[in-house]
>>> print(open('protein.cif').read())   # mmCIF, C-alpha atoms
data_coords
loop_
_atom_site.label_atom_id
_atom_site.label_comp_id
_atom_site.auth_asym_id
_atom_site.auth_seq_id
_atom_site.Cartn_x
_atom_site.Cartn_y
_atom_site.Cartn_z
CA MET A 67 11.70 -2.03 -5.83
CA ALA A 68 15.16 -1.57 -7.26
CA SER A 69 17.41 -4.57 -7.80
CA GLY A 70 20.64 -5.55 -9.52
CA ASN A 71 23.49 -3.03 -9.56
CA ILE A 72 21.97 -0.01 -7.79
CA LYS A 73 23.23 3.56 -8.15
CA LYS A 74 22.59 6.09 -5.40
CA SER A 75 21.30 8.73 -7.82
CA THR A 76 18.89 6.24 -9.41
CA ARG A 77 17.65 5.21 -5.98
CA ILE A 78 17.02 8.83 -4.96
CA LYS A 79 14.94 9.35 -8.12
CA GLU A 80 13.01 6.15 -7.43
CA ILE A 81 12.25 7.18 -3.83
CA ILE A 82 11.09 10.66 -4.89
CA SER A 83 8.94 9.24 -7.67
CA VAL A 84 7.17 6.73 -5.40
CA ILE A 85 6.65 9.28 -2.62
CA ARG A 86 5.17 11.78 -5.10
CA ARG A 87 2.95 9.22 -6.83
CA HIS A 88 1.38 8.21 -3.50
CA ASN A 89 1.54 11.73 -2.00
CA ALA A 90 3.10 9.86 0.92
CA LEU A 91 4.68 12.73 2.88
CA SER A 92 1.53 14.84 2.89
CA ASN A 93 -0.71 11.87 3.66
CA PHE A 94 1.57 10.74 6.46
CA SER A 95 1.95 14.16 8.08
CA LYS A 96 -1.85 14.63 8.04
CA GLN A 97 -2.42 10.97 9.01
CA ILE A 98 -4.78 10.46 6.08
CA ARG A 99 -4.94 7.78 3.34
CA PRO A 100 -2.87 5.17 5.21
CA GLN A 101 -3.25 2.69 2.35
CA GLU A 102 -1.35 5.03 0.01
CA VAL A 103 1.48 5.33 2.51
CA ARG A 104 1.63 1.54 3.01
CA GLN A 105 1.75 1.01 -0.76
CA ALA A 106 4.60 3.51 -1.08
CA LEU A 107 6.58 1.76 1.66
CA GLU A 108 6.01 -1.63 0.00
CA GLU A 109 7.16 -0.33 -3.39
CA LEU A 110 10.30 1.17 -1.88
CA GLY A 111 11.35 -2.16 -0.40
CA PRO A 112 13.04 -3.58 2.70
CA THR A 113 14.28 -0.42 4.42
CA PHE A 114 10.96 1.37 4.06
CA ILE A 115 8.94 -1.72 4.94
CA LYS A 116 10.99 -1.90 8.15
CA ILE A 117 10.18 1.76 8.87
CA GLY A 118 6.47 0.96 8.45
CA GLN A 119 6.76 -2.12 10.67
CA ILE A 120 8.39 -0.07 13.43
CA LEU A 121 5.80 2.70 13.10
CA SER A 122 3.01 0.11 13.31
CA THR A 123 4.11 -0.56 16.91
CA ARG A 124 3.86 3.12 17.90
CA PRO A 125 0.28 4.04 18.86
CA ASP A 126 1.75 7.11 20.55
CA LEU A 127 2.66 8.44 17.09
CA MET A 128 0.12 6.86 14.72
CA THR A 129 -3.67 6.93 14.44
CA PRO A 130 -5.47 3.57 14.84
CA GLU A 131 -6.14 3.57 11.08
CA TYR A 132 -2.43 3.92 10.37
CA ILE A 133 -1.50 1.23 12.89
CA HIS A 134 -4.00 -1.16 11.28
CA GLU A 135 -2.74 -0.46 7.74
CA LEU A 136 0.99 -0.55 8.55
CA ARG A 137 0.60 -3.86 10.38
CA LYS A 138 -0.12 -5.37 6.97
CA LEU A 139 3.58 -4.82 6.23
CA GLN A 140 4.34 -7.59 8.72
CA ASP A 141 2.95 -10.31 6.48
CA GLN A 142 2.24 -9.02 2.96
CA VAL A 143 5.67 -9.35 1.39
CA PRO A 144 6.07 -10.67 -2.18
CA VAL A 145 8.02 -13.90 -2.64
CA ASP A 146 10.81 -14.69 -5.10
CA ASP A 147 10.19 -17.51 -7.54
CA TYR A 148 12.12 -20.78 -7.34
CA ASN A 149 14.50 -19.92 -10.20
CA THR A 150 15.54 -16.70 -8.42
CA VAL A 151 16.00 -18.58 -5.13
CA SER A 152 18.06 -21.26 -6.86
CA SER A 153 20.26 -18.67 -8.56
CA ILE A 154 20.87 -16.71 -5.33
CA TYR A 155 21.75 -19.92 -3.47
CA GLN A 156 24.17 -21.05 -6.17
CA GLU A 157 25.86 -17.64 -6.33
CA ALA A 158 26.30 -17.58 -2.54
CA THR A 159 27.46 -21.17 -2.03
CA LYS A 160 28.86 -22.22 -5.43
CA LYS A 161 26.59 -25.29 -5.19
CA THR A 162 23.13 -26.00 -6.54
CA LEU A 163 20.18 -26.67 -4.27
CA GLU A 164 20.06 -30.21 -5.68
CA GLU A 165 23.70 -30.81 -4.71
CA THR A 166 23.12 -29.63 -1.15
CA PHE A 167 19.66 -30.93 -0.25
CA SER A 168 17.82 -34.19 -0.80
CA SER A 169 14.62 -32.12 -0.85
CA PHE A 170 13.89 -28.39 -0.98
CA GLU A 171 10.38 -26.94 -0.90
CA HIS A 172 9.96 -24.59 -3.84
CA LYS A 173 7.35 -22.48 -2.08
CA PRO A 174 8.59 -20.55 0.98
CA PHE A 175 6.65 -20.95 4.20
CA ALA A 176 7.40 -17.34 5.13
CA SER A 177 8.65 -14.19 3.42
CA ALA A 178 9.79 -10.95 5.02
CA SER A 179 11.30 -7.70 3.81
CA ILE A 180 14.86 -9.09 3.75
CA GLY A 181 14.33 -12.65 2.57
CA GLN A 182 12.23 -15.77 2.61
CA VAL A 183 12.50 -19.16 4.29
CA HIS A 184 12.09 -22.65 2.89
CA HIS A 185 11.91 -26.10 4.46
CA ALA A 186 14.61 -28.49 3.22
CA THR A 187 16.18 -31.82 4.06
CA LEU A 188 19.92 -32.55 4.07
CA PRO A 189 21.25 -35.82 2.59
CA SER A 190 21.74 -37.00 6.20
CA GLY A 191 17.96 -36.79 6.68
CA GLU A 192 18.18 -33.73 8.95
CA ASN A 193 15.37 -31.23 8.42
CA VAL A 194 16.55 -27.64 8.13
CA VAL A 195 15.19 -24.21 7.35
CA VAL A 196 16.94 -22.27 4.58
CA LYS A 197 16.75 -18.48 4.52
CA ILE A 198 17.39 -16.84 1.15
CA GLN A 199 17.83 -13.07 0.92
CA HIS A 200 15.92 -11.24 -1.79
CA PRO A 201 18.06 -10.14 -4.78
CA ALA A 202 20.43 -7.19 -4.13
CA VAL A 203 18.80 -6.54 -0.76
CA ALA A 204 22.07 -5.87 1.11
CA GLN A 205 23.16 -3.27 -1.46
CA LEU A 206 19.72 -1.64 -1.48
CA VAL A 207 19.55 -1.41 2.32
CA THR A 208 23.08 0.03 2.51
CA ILE A 209 22.18 2.78 0.04
CA ASP A 210 18.87 3.48 1.80
CA LEU A 211 20.54 3.70 5.23
CA ASN A 212 23.10 6.17 3.84
CA LEU A 213 20.30 8.29 2.36
CA LEU A 214 18.30 8.11 5.59
CA HIS A 215 21.35 9.14 7.60
CA GLN A 216 21.66 12.27 5.45
CA ALA A 217 17.93 12.95 5.84
CA VAL A 218 18.16 12.60 9.64
CA LYS A 219 20.84 15.30 9.73
CA ILE A 220 18.40 17.68 8.04
CA LEU A 221 15.15 16.55 9.70
CA ARG A 222 16.46 16.93 13.26
CA PHE A 223 16.08 20.69 12.79
CA THR A 224 12.36 20.47 11.90
CA ASN A 225 9.38 20.84 14.23
CA GLU A 226 8.60 17.12 13.87
CA SER A 227 11.89 16.26 15.58
CA LYS A 228 10.45 17.71 18.80
CA ILE A 229 7.69 15.08 18.65
CA ILE A 230 9.72 12.13 17.36
CA ASP A 231 13.35 11.43 18.23
CA ILE A 232 14.37 10.99 14.59
CA ARG A 233 17.90 9.87 15.46
CA GLN A 234 16.55 7.17 17.77
CA VAL A 235 14.13 5.91 15.11
CA TYR A 236 16.98 5.84 12.55
CA SER A 237 19.20 3.95 15.00
CA GLU A 238 16.45 1.37 15.60
CA ILE A 239 15.87 0.90 11.86
CA LYS A 240 19.60 0.60 11.15
CA SER A 241 20.23 -1.89 13.94
CA SER A 242 17.26 -4.04 12.96
CA LEU A 243 18.17 -4.13 9.26
CA ILE A 244 21.86 -4.82 9.80
CA ASN A 245 21.01 -7.71 12.14
CA GLU A 246 18.64 -9.16 9.53
CA ILE A 247 21.09 -8.76 6.65
CA ASP A 248 23.98 -10.32 8.59
CA THR A 249 22.78 -13.90 8.31
CA ASN A 250 25.67 -15.11 10.47
CA ILE A 251 23.98 -13.50 13.48
CA GLU A 252 20.75 -15.36 12.80
CA VAL A 253 22.51 -18.68 12.17
CA LYS A 254 24.21 -18.39 15.59
CA LYS A 255 20.84 -17.77 17.25
CA ARG A 256 19.02 -20.73 15.69
CA SER A 257 20.01 -24.31 15.14
CA GLY A 258 18.85 -25.92 11.89
CA LEU A 259 18.95 -22.65 9.96
CA LEU A 260 21.06 -22.23 6.84
CA CYS A 261 21.28 -18.86 5.11
CA ALA A 262 22.24 -17.68 1.64
CA LYS A 263 22.55 -14.14 0.33
#
>>> encode(input="protein.cif", output="structure tokens")
Amino acid sequence: MASGNIKKSTRIKEIISVIRRHNALSNFSKQIRPQEVRQALEELGPTFIKIGQILSTRPDLMTPEYIHELRKLQDQVPVDDYNTVSSIYQEATKKTLEETFSSFEHKPFASASIGQVHHATLPSGENVVVKIQHPAVAQLVTIDLNLLHQAVKILRFTNESKIIDIRQVYSEIKSSLINEIDTNIEVKKRSGLLCAK
């Protein structure tokens, strides 16, 4: 998955390369080799993992084999190491984890496509959950959504658009990702959650 300062042209090349290597479009359209498609989505990162997660809830569109394989995207997300987490937190808050928390569990108890969550304790003794976004995830998702928007404009004229409302799927993906990236929304929903990106 791309990270750091991401260029649109570089991202397009990366997407094409991964899709070709896994023969993902052909496999997907024929509903064969679901593991290859899942691996491609994982390699391409948060936006594509979200697409797979949404498709895994659509038995009207996917074979049972595809549903089974894409459901693995719900819980098989790589985690960032503690040094990366610490760096992201410090960049976002201008404080170190040690300055903010009396304890912070190095290993996350959950990791998703956008970020991961850690148990921590404030100096007051209050237990909290800290959500840390994966590196450059907001920039990556923004680029991917722009590319997908362009693709939707083209794909709505294909035969597949008569089977799947491509614009509706795009809208669902966009809404879901934007809500996950905007940590302020999540903080308002849950007490005891602190977020850094």
>>> closest_residue(input="protein.cif", among="A:Ala217, A:Ile154, A:Ala204, A:Val196", to="Asn245 in chain A", atoms="all atoms listed in the file")
A:Ala204
>>> resolve_selection(input="protein.cif", expression="the PyMOL selection byres ((chain A and resi 97) around 9)", output="PyMOL selection string")
chain A and resi 92-96+98-100+128-129+131-132
>>> resolve_selection(input="protein.cif", expression="the PyMOL selection byres ((chain A and resi 106) around 12)", output="PyMOL selection string")
chain A and resi 67+80-91+93-94+99-105+107-115+117-118+136+139
>>> atom_distance(input="protein.cif", atom1="CA of Val218 in chain A", atom2="CA of Arg233 in chain A")
6.4 Å
>>> resolve_selection(input="protein.cif", expression="the PyMOL selection byres ((chain A and resi 180) around 7)", output="PyMOL selection string")
chain A and resi 112+178-179+181+199-200+203+246-247
>>> write_last_selection(input="protein.cif", atoms="C-alpha atoms", output="tab-separated table (two decimals), keeping the file's coordinate frame")
chain	number	residue	atom	x	y	z
A	112	PRO	CA	13.04	-3.58	2.70
A	178	ALA	CA	9.79	-10.95	5.02
A	179	SER	CA	11.30	-7.70	3.81
A	181	GLY	CA	14.33	-12.65	2.57
A	199	GLN	CA	17.83	-13.07	0.92
A	200	HIS	CA	15.92	-11.24	-1.79
A	203	VAL	CA	18.80	-6.54	-0.76
A	246	GLU	CA	18.64	-9.16	9.53
A	247	ILE	CA	21.09	-8.76	6.65
>>> atom_distance(input="protein.cif", atom1="CA of Ser177 in chain A", atom2="CA of Ser75 in chain A")
28.5 Å
>>> closest_residue(input="protein.cif", among="A:His215, A:Asp248, A:Leu206, A:Pro189", to="Ile232 in chain A", atoms="only C-alpha atoms")
A:His215
>>> residues_around(input="protein.cif", residues="range 158-167 of chain A", least_positions_apart="3", cutoff="9 Å", atoms="only C-alpha atoms", output="ChimeraX atom specification")
/A:152-155,170,186-189,262-263
>>> closest_residue(input="protein.cif", among="A:Arg137, A:His185, A:Ala202, A:Tyr236", to="Gln216 in chain A", atoms="only C-alpha atoms")
A:Tyr236
>>> closest_residue(input="protein.cif", among="A:Val143, A:Val195, A:Ile78, A:Leu121", to="Leu214 in chain A", atoms="only C-alpha atoms")
A:Ile78
>>> atom_distance(input="protein.cif", atom1="CA of Val145 in chain A", atom2="CA of Lys116 in chain A")
16.4 Å
>>> closest_residue(input="protein.cif", among="A:Leu211, A:Thr76, A:Glu171, A:Ala176", to="Val194 in chain A", atoms="all atoms listed in the file")
A:Glu171
>>> build_atoms(input="protein.cif", residues="range 203-224 of chain A", atoms="N, CA, C and O atoms", output="PDB file, in the frame of the given file")
ATOM      1  N   VAL A 203      19.375  -7.203  -1.933  1.00  0.00           N
ATOM      2  CA  VAL A 203      18.800  -6.540  -0.760  1.00  0.00           C
ATOM      3  C   VAL A 203      19.863  -5.862   0.102  1.00  0.00           C
ATOM      4  O   VAL A 203      19.637  -4.759   0.606  1.00  0.00           O
ATOM      5  N   ALA A 204      21.025  -6.468   0.272  1.00  0.00           N
ATOM      6  CA  ALA A 204      22.070  -5.870   1.110  1.00  0.00           C
ATOM      7  C   ALA A 204      22.538  -4.539   0.522  1.00  0.00           C
ATOM      8  O   ALA A 204      22.685  -3.546   1.247  1.00  0.00           O
ATOM      9  N   GLN A 205      22.736  -4.507  -0.795  1.00  0.00           N
ATOM     10  CA  GLN A 205      23.160  -3.270  -1.460  1.00  0.00           C
ATOM     11  C   GLN A 205      22.085  -2.192  -1.349  1.00  0.00           C
ATOM     12  O   GLN A 205      22.367  -1.031  -1.058  1.00  0.00           O
ATOM     13  N   LEU A 206      20.841  -2.590  -1.553  1.00  0.00           N
ATOM     14  CA  LEU A 206      19.720  -1.640  -1.480  1.00  0.00           C
ATOM     15  C   LEU A 206      19.597  -1.047  -0.084  1.00  0.00           C
ATOM     16  O   LEU A 206      19.461   0.165   0.082  1.00  0.00           O
ATOM     17  N   VAL A 207      19.670  -1.883   0.941  1.00  0.00           N
ATOM     18  CA  VAL A 207      19.550  -1.410   2.320  1.00  0.00           C
ATOM     19  C   VAL A 207      20.708  -0.490   2.679  1.00  0.00           C
ATOM     20  O   VAL A 207      20.515   0.534   3.335  1.00  0.00           O
ATOM     21  N   THR A 208      21.922  -0.821   2.234  1.00  0.00           N
ATOM     22  CA  THR A 208      23.080   0.030   2.510  1.00  0.00           C
ATOM     23  C   THR A 208      22.887   1.424   1.920  1.00  0.00           C
ATOM     24  O   THR A 208      23.123   2.435   2.591  1.00  0.00           O
ATOM     25  N   ILE A 209      22.430   1.480   0.675  1.00  0.00           N
ATOM     26  CA  ILE A 209      22.180   2.780   0.040  1.00  0.00           C
ATOM     27  C   ILE A 209      21.078   3.534   0.784  1.00  0.00           C
ATOM     28  O   ILE A 209      21.211   4.719   1.089  1.00  0.00           O
ATOM     29  N   ASP A 210      19.984   2.838   1.096  1.00  0.00           N
ATOM     30  CA  ASP A 210      18.870   3.480   1.800  1.00  0.00           C
ATOM     31  C   ASP A 210      19.296   4.016   3.169  1.00  0.00           C
ATOM     32  O   ASP A 210      18.902   5.114   3.561  1.00  0.00           O
ATOM     33  N   LEU A 211      20.090   3.253   3.902  1.00  0.00           N
ATOM     34  CA  LEU A 211      20.540   3.700   5.230  1.00  0.00           C
ATOM     35  C   LEU A 211      21.429   4.939   5.101  1.00  0.00           C
ATOM     36  O   LEU A 211      21.329   5.860   5.919  1.00  0.00           O
ATOM     37  N   ASN A 212      22.271   4.967   4.071  1.00  0.00           N
ATOM     38  CA  ASN A 212      23.100   6.170   3.840  1.00  0.00           C
ATOM     39  C   ASN A 212      22.235   7.380   3.535  1.00  0.00           C
ATOM     40  O   ASN A 212      22.469   8.477   4.051  1.00  0.00           O
ATOM     41  N   LEU A 213      21.216   7.181   2.701  1.00  0.00           N
ATOM     42  CA  LEU A 213      20.300   8.290   2.360  1.00  0.00           C
ATOM     43  C   LEU A 213      19.512   8.737   3.587  1.00  0.00           C
ATOM     44  O   LEU A 213      19.333   9.941   3.814  1.00  0.00           O
ATOM     45  N   LEU A 214      19.049   7.773   4.378  1.00  0.00           N
ATOM     46  CA  LEU A 214      18.300   8.110   5.590  1.00  0.00           C
ATOM     47  C   LEU A 214      19.166   8.862   6.593  1.00  0.00           C
ATOM     48  O   LEU A 214      18.707   9.789   7.263  1.00  0.00           O
ATOM     49  N   HIS A 215      20.429   8.459   6.688  1.00  0.00           N
ATOM     50  CA  HIS A 215      21.350   9.140   7.600  1.00  0.00           C
ATOM     51  C   HIS A 215      21.487  10.614   7.224  1.00  0.00           C
ATOM     52  O   HIS A 215      21.482  11.503   8.087  1.00  0.00           O
ATOM     53  N   GLN A 216      21.587  10.881   5.917  1.00  0.00           N
ATOM     54  CA  GLN A 216      21.660  12.270   5.450  1.00  0.00           C
ATOM     55  C   GLN A 216      20.364  13.012   5.759  1.00  0.00           C
ATOM     56  O   GLN A 216      20.389  14.174   6.175  1.00  0.00           O
ATOM     57  N   ALA A 217      19.231  12.321   5.563  1.00  0.00           N
ATOM     58  CA  ALA A 217      17.930  12.950   5.840  1.00  0.00           C
ATOM     59  C   ALA A 217      17.772  13.271   7.326  1.00  0.00           C
ATOM     60  O   ALA A 217      17.242  14.329   7.684  1.00  0.00           O
ATOM     61  N   VAL A 218      18.257  12.388   8.183  1.00  0.00           N
ATOM     62  CA  VAL A 218      18.160  12.600   9.640  1.00  0.00           C
ATOM     63  C   VAL A 218      18.908  13.868  10.035  1.00  0.00           C
ATOM     64  O   VAL A 218      18.445  14.642  10.879  1.00  0.00           O
ATOM     65  N   LYS A 219      20.053  14.090   9.421  1.00  0.00           N
ATOM     66  CA  LYS A 219      20.840  15.300   9.730  1.00  0.00           C
ATOM     67  C   LYS A 219      20.035  16.563   9.453  1.00  0.00           C
ATOM     68  O   LYS A 219      20.164  17.561  10.155  1.00  0.00           O
ATOM     69  N   ILE A 220      19.211  16.512   8.403  1.00  0.00           N
ATOM     70  CA  ILE A 220      18.400  17.680   8.040  1.00  0.00           C
ATOM     71  C   ILE A 220      17.124  17.743   8.889  1.00  0.00           C
ATOM     72  O   ILE A 220      16.769  18.786   9.423  1.00  0.00           O
ATOM     73  N   LEU A 221      16.449  16.586   9.033  1.00  0.00           N
ATOM     74  CA  LEU A 221      15.150  16.550   9.700  1.00  0.00           C
ATOM     75  C   LEU A 221      15.229  16.847  11.200  1.00  0.00           C
ATOM     76  O   LEU A 221      14.237  17.255  11.788  1.00  0.00           O
ATOM     77  N   ARG A 222      16.387  16.682  11.810  1.00  0.00           N
ATOM     78  CA  ARG A 222      16.460  16.930  13.260  1.00  0.00           C
ATOM     79  C   ARG A 222      16.266  18.415  13.596  1.00  0.00           C
ATOM     80  O   ARG A 222      16.066  18.777  14.739  1.00  0.00           O
ATOM     81  N   PHE A 223      16.304  19.263  12.563  1.00  0.00           N
ATOM     82  CA  PHE A 223      16.080  20.690  12.790  1.00  0.00           C
ATOM     83  C   PHE A 223      14.632  21.106  12.514  1.00  0.00           C
ATOM     84  O   PHE A 223      14.293  22.274  12.587  1.00  0.00           O
ATOM     85  N   THR A 224      13.754  20.154  12.186  1.00  0.00           N
ATOM     86  CA  THR A 224      12.360  20.470  11.900  1.00  0.00           C
ATOM     87  C   THR A 224      11.515  20.373  13.170  1.00  0.00           C
ATOM     88  O   THR A 224      11.936  19.816  14.181  1.00  0.00           O
TER      89      THR A 224
END
